[in-house]
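Asker: For reference, this is coords_0.txt, and it has compact mmCIF, C-alpha atoms.
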# COMPACT_ATOMS: atom_id res chain seq x y z
CA MET M 215 -37.14 -61.47 12.58
CA ASP M 216 -39.56 -60.11 9.88
CA SER M 217 -41.65 -56.97 9.94
CA ALA M 218 -44.88 -58.86 10.62
CA SER M 219 -43.84 -59.44 14.17
CA PHE M 220 -43.90 -55.64 14.70
CA GLY M 221 -47.46 -55.21 13.48
CA GLY M 222 -47.96 -56.27 9.92
CA THR M 223 -46.74 -54.04 7.18
CA ARG M 224 -45.52 -51.10 9.26
CA SER M 225 -42.04 -49.96 8.26
CA LEU M 226 -39.04 -49.68 10.58
CA SER M 227 -39.04 -45.88 10.37
CA THR M 228 -42.69 -45.77 11.44
CA LEU M 229 -41.93 -47.93 14.45
CA GLU M 230 -39.01 -45.67 15.43
CA LYS M 231 -41.25 -42.60 15.23
CA GLU M 232 -43.93 -44.23 17.38
CA SER M 233 -41.30 -45.26 19.93
CA ALA M 234 -40.02 -41.69 20.11
CA ASP M 235 -43.57 -40.38 20.57
CA ARG M 236 -44.19 -42.82 23.43
CA GLU M 237 -40.97 -41.73 25.15
CA HIS M 238 -41.98 -38.09 24.77
CA GLU M 239 -45.43 -38.78 26.25
CA SER M 240 -43.89 -40.70 29.16
CA TYR M 241 -41.59 -37.74 29.84
CA ASN M 242 -44.53 -35.35 29.86
CA MET M 243 -46.44 -37.60 32.30
CA ILE M 244 -43.64 -37.58 34.88
CA SER M 245 -42.77 -33.91 34.40
CA ASP M 246 -44.15 -31.29 36.69
CA PRO M 247 -46.84 -29.49 34.67
CA GLY M 248 -46.11 -26.29 36.59
CA GLU M 249 -42.49 -26.13 35.44
CA PRO M 250 -41.62 -24.38 32.17
CA GLU M 251 -40.19 -26.45 29.37
CA SER M 252 -36.43 -26.88 29.54
CA GLN M 253 -34.46 -24.55 27.25
CA PRO M 254 -31.53 -25.65 25.09
CA PRO M 255 -28.09 -24.74 26.47
CA LEU M 256 -26.62 -21.38 25.57
CA THR M 257 -24.20 -21.30 22.67
CA PHE M 258 -21.30 -18.96 21.83
CA ALA M 259 -23.58 -17.30 19.28
CA ASP M 260 -26.14 -16.53 22.02
CA LEU M 261 -23.37 -14.78 23.96
CA GLY M 262 -22.30 -12.76 20.91
CA ILE M 263 -19.08 -14.75 20.46
CA PRO M 264 -18.55 -15.89 16.85
CA THR M 265 -17.86 -19.61 16.68
CA SER M 266 -15.61 -19.11 13.67
CA GLU M 267 -13.19 -16.91 15.59
CA HIS M 268 -9.74 -18.42 16.11
CA VAL M 269 -6.99 -17.25 18.45
CA GLN M 270 -3.43 -17.49 17.20
CA ASP M 271 -0.12 -16.93 18.93
CA THR M 272 2.09 -14.09 17.70
CA VAL M 273 5.35 -12.55 18.86
CA ILE M 274 3.47 -9.85 20.76
CA GLY M 275 0.71 -12.05 22.18
CA LYS M 276 -2.63 -13.64 21.37
CA SER M 277 -4.41 -12.37 18.26
CA ARG M 278 -7.22 -13.29 15.90
CA SER M 279 -6.82 -13.91 12.19
CA CYS M 280 -7.68 -11.36 9.49
CA ARG M 281 -10.62 -13.46 8.29
CA ASP M 282 -12.40 -12.83 11.61
CA VAL M 283 -12.34 -9.04 11.18
CA THR M 284 -15.85 -7.71 10.47
CA TRP M 285 -16.71 -5.31 7.64
CA ASN M 286 -17.11 -2.29 9.93
CA GLU M 287 -13.72 -3.01 11.48
CA TRP M 288 -12.17 -3.21 8.00
CA LEU M 289 -13.87 0.08 7.16
CA TYR M 290 -12.32 1.69 10.24
CA ILE M 291 -8.87 0.28 9.40
CA ILE M 292 -9.06 1.53 5.82
CA CYS M 293 -10.28 5.00 6.80
CA MET M 294 -7.60 5.36 9.46
CA LEU M 295 -4.78 4.14 7.23
CA VAL M 296 -5.86 6.38 4.35
CA SER M 297 -6.01 9.43 6.62
CA ILE M 298 -2.61 8.58 8.16
CA LEU M 299 -0.99 8.08 4.75
CA VAL M 300 -2.47 11.30 3.37
CA ALA M 301 -1.23 13.27 6.39
CA ALA M 302 2.18 11.60 6.10
CA GLY M 303 2.31 12.47 2.39
CA PHE M 304 1.61 16.15 3.10
CA THR M 305 4.18 16.07 5.90
CA ILE M 306 6.93 14.50 3.78
CA TYR M 307 6.30 17.01 1.01
CA ARG M 308 6.53 19.85 3.53
CA LEU M 309 9.70 18.31 4.97
CA THR M 310 11.45 18.69 1.63
CA LYS M 311 10.64 22.42 1.52
CA VAL M 312 11.96 23.59 4.90
CA GLN M 313 15.37 24.18 6.41
CA LEU M 314 16.78 22.16 9.30
CA ASN M 315 16.58 25.14 11.67
CA ASP M 316 12.93 25.83 10.81
CA PRO M 317 10.42 24.89 13.55
CA ASP M 318 8.30 23.28 10.81
CA PHE M 319 11.07 20.72 10.34
CA THR M 320 10.64 19.63 13.97
CA PHE M 321 6.86 19.44 13.63
CA CYS M 322 7.17 17.32 10.49
CA LEU M 323 9.41 14.75 12.16
CA VAL M 324 7.15 14.60 15.21
CA LEU M 325 4.11 14.05 13.00
CA LEU M 326 5.83 11.25 11.07
CA TRP M 327 6.87 9.59 14.34
CA ASN M 328 3.31 9.72 15.61
CA ALA M 329 1.97 8.43 12.27
CA VAL M 330 4.06 5.26 12.67
CA PHE M 331 2.51 4.62 16.08
CA CYS M 332 -0.99 5.31 14.78
CA VAL M 333 -0.54 2.58 12.15
CA TRP M 334 0.64 0.23 14.90
CA PHE M 335 -2.30 1.13 17.14
CA VAL M 336 -5.00 0.65 14.52
CA LEU M 337 -3.74 -2.72 13.29
CA ASP M 338 -2.91 -4.13 16.70
CA GLY M 339 -6.02 -2.66 18.31
CA ILE M 340 -8.37 -4.30 15.82
CA LEU M 341 -6.65 -7.66 15.42
CA ARG M 342 -6.27 -8.06 19.17
CA GLU M 343 -9.58 -6.40 20.12
CA ARG M 344 -7.97 -3.99 22.57
CA PRO M 345 -10.38 -1.22 23.61
CA SER M 346 -7.71 0.75 25.47
CA GLU M 347 -5.52 0.79 22.36
CA ILE M 348 -8.31 2.11 20.14
CA PHE M 349 -9.06 4.69 22.84
CA ILE M 350 -5.39 5.73 22.88
CA LEU M 351 -5.44 5.92 19.08
CA SER M 352 -8.38 8.31 19.32
CA ILE M 353 -6.44 10.46 21.80
CA ALA M 354 -3.40 10.39 19.51
CA THR M 355 -5.59 11.49 16.60
CA VAL M 356 -6.77 14.49 18.62
CA ILE M 357 -3.18 15.32 19.64
CA ILE M 358 -1.97 15.20 16.03
CA THR M 359 -4.83 17.46 14.98
CA CYS M 360 -3.83 19.93 17.69
CA TYR M 361 -0.21 19.76 16.46
CA LEU M 362 -1.39 20.69 12.95
CA ILE M 363 -3.51 23.59 14.21
CA VAL M 364 -0.70 24.98 16.38
CA ASN M 365 1.81 24.51 13.58
CA TYR M 366 -0.37 26.48 11.16
CA ILE M 367 -1.31 29.29 13.54
CA ALA M 368 2.07 29.82 15.19
CA GLY M 369 4.35 28.99 12.24
CA THR M 370 4.61 30.01 8.62
CA GLN M 371 1.32 29.68 6.75
CA ASN M 372 0.92 28.20 3.27
CA GLU M 373 -1.59 26.24 1.21
CA ILE M 374 -0.11 22.83 2.00
CA LYS M 375 -0.32 23.36 5.76
CA LEU M 376 -3.81 24.82 5.44
CA SER M 377 -5.05 21.85 3.38
CA ARG M 378 -3.51 19.41 5.85
CA MET M 379 -5.10 21.17 8.81
CA ILE M 380 -8.57 21.36 7.19
CA ALA M 381 -8.46 17.67 6.23
CA ALA M 382 -7.48 16.74 9.79
CA CYS M 383 -10.19 18.91 11.36
CA VAL M 384 -12.87 17.35 9.10
CA LEU M 385 -11.81 13.70 9.36
CA SER M 386 -10.57 13.52 12.95
CA PRO M 387 -13.97 13.90 14.70
CA LEU M 388 -15.49 11.18 12.50
CA LEU M 389 -12.59 8.80 13.06
CA VAL M 390 -12.56 9.46 16.80
CA LEU M 391 -16.29 8.75 17.15
CA PHE M 392 -15.99 5.62 15.00
CA GLY M 393 -13.03 4.42 17.04
CA LEU M 394 -14.72 5.05 20.39
CA ARG M 395 -17.75 3.06 19.22
CA ILE M 396 -15.56 0.09 18.31
CA ALA M 397 -13.62 0.41 21.57
CA TRP M 398 -16.84 0.33 23.57
CA THR M 399 -17.97 -2.79 21.67
CA TYR M 400 -14.71 -4.54 22.55
CA HIS M 401 -14.97 -3.43 26.18
CA VAL M 402 -18.49 -4.81 26.58
CA SER M 403 -18.18 -8.04 24.59
CA LYS M 404 -14.70 -9.16 25.80
CA ARG M 405 -14.77 -11.74 23.02
CA LEU M 406 -11.04 -12.25 22.55
CA ILE M 407 -10.44 -12.12 26.30
CA PHE M 408 -13.02 -14.90 26.70
CA ARG M 409 -11.28 -16.93 24.02
CA VAL M 410 -7.89 -16.55 25.71
CA VAL M 411 -8.62 -17.01 29.44
CA GLY M 412 -12.11 -18.54 29.46
CA ALA M 413 -15.17 -17.57 31.51
CA ASN M 414 -13.36 -16.95 34.81
CA GLU M 415 -14.15 -13.31 35.63
CA HIS M 416 -11.08 -12.88 37.84
CA LEU M 417 -8.75 -14.03 35.06
CA GLN M 418 -10.59 -11.80 32.60
CA THR M 419 -9.95 -8.80 34.85
CA LEU M 420 -6.27 -9.70 35.23
CA TYR M 421 -5.83 -10.08 31.48
CA ARG M 422 -7.61 -6.80 30.77
CA ASN M 423 -5.33 -5.01 33.29
CA LEU M 424 -2.29 -6.49 31.55
CA LEU M 425 -3.48 -5.39 28.10
CA THR M 426 -4.26 -1.87 29.32
CA PHE M 427 -0.81 -1.61 30.91
CA GLN M 428 0.86 -2.69 27.66
CA ASP M 429 -1.18 -0.22 25.62
CA PHE M 430 -0.26 2.74 27.81
CA LEU M 431 3.35 1.53 27.74
CA LYS M 432 3.29 1.93 23.95
CA PHE M 433 1.69 5.36 24.29
CA ASP M 434 4.47 6.30 26.72
CA LEU M 435 7.08 5.28 24.13
CA GLN M 436 5.31 7.38 21.49
CA LEU M 437 5.27 10.47 23.70
CA GLY M 438 8.84 9.88 24.87
CA GLY M 439 10.06 9.82 21.27
CA SER M 440 8.13 13.01 20.52
CA MET M 441 9.77 14.73 23.48
CA VAL M 442 13.23 13.69 22.27
CA LEU M 443 12.53 15.16 18.83
CA PHE M 444 11.26 18.42 20.33
CA ILE M 445 14.32 18.68 22.58
CA VAL M 446 16.96 17.75 20.00
CA LEU M 447 15.61 19.99 17.25
CA SER M 448 14.69 22.99 19.41
CA PHE M 449 18.27 24.15 19.88
CA ASP M 450 20.86 25.13 17.32
CA LYS M 451 23.56 23.50 19.43
CA LEU M 452 23.20 20.89 22.14
CA LEU M 453 25.59 20.64 25.07
CA VAL M 454 27.69 17.51 25.40
CA ARG M 455 25.77 16.73 28.57
CA GLU M 456 22.47 16.85 26.65
CA ILE M 457 23.80 14.58 23.91
CA VAL M 458 24.97 12.01 26.47
CA ILE M 459 21.69 12.14 28.39
CA LEU M 460 19.57 11.75 25.26
CA SER M 461 21.73 8.93 23.87
CA VAL M 462 21.82 6.93 27.08
CA GLY M 463 18.26 7.87 27.99
CA GLY M 464 16.94 6.80 24.59
CA ALA M 465 18.56 3.39 24.87
CA VAL M 466 17.32 2.98 28.45
CA THR M 467 13.79 3.95 27.41
CA ILE M 468 13.70 1.31 24.67
CA ILE M 469 15.08 -1.37 27.01
CA TRP M 470 12.60 -0.25 29.70
CA PHE M 471 9.76 -0.59 27.21
CA ILE M 472 10.80 -4.09 26.08
CA LEU M 473 11.30 -5.12 29.69
CA GLY M 474 7.83 -4.05 30.75
CA TYR M 475 6.06 -5.33 27.65
CA PHE M 476 7.45 -8.87 27.79
CA ALA M 477 8.40 -9.36 31.46
CA MET M 478 4.97 -8.65 32.94
CA PRO M 479 3.15 -11.48 31.10
CA LYS M 480 5.97 -13.82 32.20
CA GLU M 481 5.41 -12.71 35.83
CA ASN M 482 9.14 -12.31 36.44
CA LYS M 483 9.51 -10.44 39.75
CA ILE M 484 13.21 -9.61 39.30
CA LEU M 485 12.65 -7.96 35.93
CA ALA M 486 9.56 -6.21 37.34
CA VAL M 487 11.70 -4.67 40.10
CA ILE M 488 14.22 -3.44 37.51
CA PHE M 489 11.32 -1.98 35.52
CA PHE M 490 10.09 -0.02 38.56
CA LEU M 491 13.60 1.23 39.41
CA PHE M 492 14.00 2.88 36.00
CA SER M 493 10.42 4.19 35.76
CA PRO M 494 11.01 7.58 37.51
CA ALA M 495 14.03 8.47 35.34
CA GLU M 496 12.03 9.95 32.46
CA ILE M 497 9.76 11.83 34.85
CA ALA M 498 12.74 13.74 36.29
CA TYR M 499 14.14 14.53 32.84
CA ILE M 500 10.81 15.73 31.42
CA CYS M 501 10.29 18.02 34.41
CA TYR M 502 13.77 19.44 33.86
CA LYS M 503 13.13 20.05 30.15
CA LEU M 504 9.76 21.68 30.81
CA TYR M 505 11.61 24.16 32.98
CA ASP M 506 14.27 24.56 30.29
CA VAL M 507 11.62 25.49 27.69
CA SER M 508 11.52 28.95 29.23
CA CYS M 509 14.76 29.67 27.33
CA TYR M 510 12.99 29.91 24.00
CA ILE M 511 9.31 30.31 24.88
CA ASN M 512 9.26 33.88 23.55
CA SER M 513 11.18 33.25 20.33
CA LEU M 514 9.49 29.97 19.37
CA LYS M 515 6.03 30.14 20.89
CA GLY M 516 4.46 27.42 18.76
CA LEU M 517 7.28 24.95 19.32
CA ALA M 518 7.49 25.74 23.02
CA GLY M 519 3.74 25.31 23.46
CA ALA M 520 3.77 21.95 21.69
CA THR M 521 6.73 20.80 23.79
CA ILE M 522 5.01 21.77 27.04
CA ALA M 523 1.76 20.06 26.03
CA CYS M 524 3.61 16.90 24.99
CA GLY M 525 5.62 16.89 28.21
CA ILE M 526 2.54 17.23 30.42
CA ILE M 527 0.73 14.41 28.62
CA ALA M 528 3.89 12.27 28.83
CA LEU M 529 4.02 12.78 32.61
CA VAL M 530 0.37 11.76 33.01
CA VAL M 531 0.84 8.68 30.83
CA ARG M 532 4.03 7.64 32.70
CA PHE M 533 2.08 7.88 35.97
CA LEU M 534 -0.67 5.68 34.50
CA VAL M 535 1.94 3.17 33.32
CA ILE M 536 3.39 2.89 36.83
CA VAL M 537 -0.07 2.46 38.36
CA GLY M 538 -0.93 -0.17 35.75
CA ALA M 539 2.32 -2.03 36.44
CA ILE M 540 1.55 -2.08 40.18
CA LEU M 541 -1.90 -3.58 39.50
CA VAL M 542 -0.36 -6.26 37.26
CA VAL M 543 2.44 -7.20 39.69
CA LYS M 544 0.04 -7.45 42.63
CA GLU M 545 -1.81 -10.25 40.82
CA PHE M 546 1.20 -12.41 39.96
CA LYS M 547 0.76 -16.17 40.55
CA GLN M 548 -3.02 -16.08 40.06
CA GLY M 549 -3.07 -18.40 37.05
CA LEU M 550 -2.92 -15.84 34.22
CA LYS M 551 0.59 -16.83 33.16
CA GLU M 552 -0.46 -20.46 32.73
CA LYS M 553 -3.47 -19.44 30.64
CA LEU M 554 -1.38 -17.26 28.34
CA ASN M 555 1.20 -20.02 27.84
CA SER M 556 -1.36 -22.77 27.22
Would you mind writing the file out in structure tokens?

Answerer:
Amino acid sequence: MDSASFGGTRSLSTLEKESADREHESYNMISDPGEPESQPPLTFADLGIPTSEHVQDTVIGKSRSCRDVTWNEWLYIICMLVSILVAAGFTIYRLTKVQLNDPDFTFCLVLLWNAVFCVWFVLDGILRERPSEIFILSIATVIITCYLIVNYIAGTQNEIKLSRMIAACVLSPLLVLFGLRIAWTYHVSKRLIFRVVGANEHLQTLYRNLLTFQDFLKFDLQLGGSMVLFIVLSFDKLLVREIVILSVGGAVTIIWFILGYFAMPKENKILAVIFFLFSPAEIAYICYKLYDVSCYINSLKGLAGATIACGIIALVVRFLVIVGAILVVKEFKQGLKEKLNS
């Protein structure tokens, strides 16, 4: 059939345009003039969820790729890592200048232990968009700053310790505020949570509870290790009973951590029961050691004060871990396990 049958010399594209216009007019005639025009459906971009973001499976859970990290998140990572490395450099240098029986030796090891966890927190917190982990990192930054202040005031004073303390006091408030801002953004947007479990609000709440529990579990391990260092290095000679308790207790703590971190997402009730049975063990030991600090509180005031502060925070965090575990276990068999394994 030639074009003349459609009205002379009009082209096919012109006819298609006129047909579309007639369909549009017909739609307007049957539409209610009082109703507003229909809006296009919402997109991920309208919800603040980048469409380029990909979720990948890792050994420790769901994560996003490095290419999805924004420039301000990279800036935070770089600033945190530089500050951690600088503090660690000062600490290692100081470690080479002190004797084993010097309280500064204990402080140095505790600071290095905490620096390792801070690196873990900043990388994992950003790549997995975990607001509670960034919040914990901010708390850890404040605690480390307090360690440095106490170590300088109560211990021997020198230029290295003074420089380290001044740098921490200047940078820590900026890093804490920056971190809290990012944590709040993650908390409000829930972008990665949405990508993992979808739009179901109940599943989002369950997943957020699980992530918060895991984050405080890591914080508990950090504080537990700090307490062990304070206890081991605070005495010239440990009793055989103390050596046995610390050796067995350290192994149990690591197993307890692994059990809680990996068993809860699998919703294994038997392993969860074992986790709860061993949870009070560290509480009893920390309370005992806090009482035992009275033996050297007058001779080593700075070390004793740091040990007491660390012990109290460790007790609070262990309580939060137990509460978080209860909240997670109560919601077993609600569909979260299937979402995480899909």

Asker: Considering all atoms listed in the file, return as a ChimeraX atom specification whatever protein or nucleic-acid residues lie within 7 Å of range 378-392 of chain M, sequence-local ones (same chain, fewer than 3 positions apart) excluded.

Answerer: /M:301,304,352,355-356,359,362-363,374-375,395-396

Asker: Deliver the residues from the most recent selection as a file, using C-alpha atoms, as a compact mmCIF listing (two decimals), in the coordinates of the input.

Answerer:
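Now in result38.txt:
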# COMPACT_ATOMS: atom_id res chain seq x y z
CA ALA M 301 -1.23 13.27 6.39
CA PHE M 304 1.61 16.15 3.10
CA SER M 352 -8.38 8.31 19.32
CA THR M 355 -5.59 11.49 16.60
CA VAL M 356 -6.77 14.49 18.62
CA THR M 359 -4.83 17.46 14.98
CA LEU M 362 -1.39 20.69 12.95
CA ILE M 363 -3.51 23.59 14.21
CA ILE M 374 -0.11 22.83 2.00
CA LYS M 375 -0.32 23.36 5.76
CA ARG M 395 -17.75 3.06 19.22
CA ILE M 396 -15.56 0.09 18.31

Asker: Excluding same-chain residues fewer than 6 positions from range 546-553 of chain M, what lies within 10 Å of it counting all atoms listed in the file, as a list in words?

Answerer: Val410, Val411, Gly412, His416, Leu417, Gln418, Thr419, Leu420, Tyr421, Leu424, Met478, Pro479, Lys480, Glu481, Asn482 and Lys483 of chain M

Asker: Calculated over all atoms listed in the file, which of the candidates M:Asp506, M:Lys544, M:Ala354, M:Phe489 has the smallest distance to Ala528 in chain M?

Answerer: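 Comparing M:Asp506, M:Lys544, M:Ala354, M:Phe489 against Ala528 in chain M, the winner is M:Ala354.
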
Asker: Find the residue from M:Val333, M:Ala302, M:Ile292, M:Val324 that sits nearest to Ala520 in chain M; use only C-alpha atoms when measuring.

Answerer: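 Selected residue with least distance to Ala520 in chain M: M:Val324.
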
Asker: Between M:Ala486, M:Val312, M:Ile527, M:Leu323, single out the one closest to Leu541 in chain M, counting all atoms listed in the file.

Answerer: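 The shortest atom-to-atom distance to Leu541 in chain M comes from M:Ala486.
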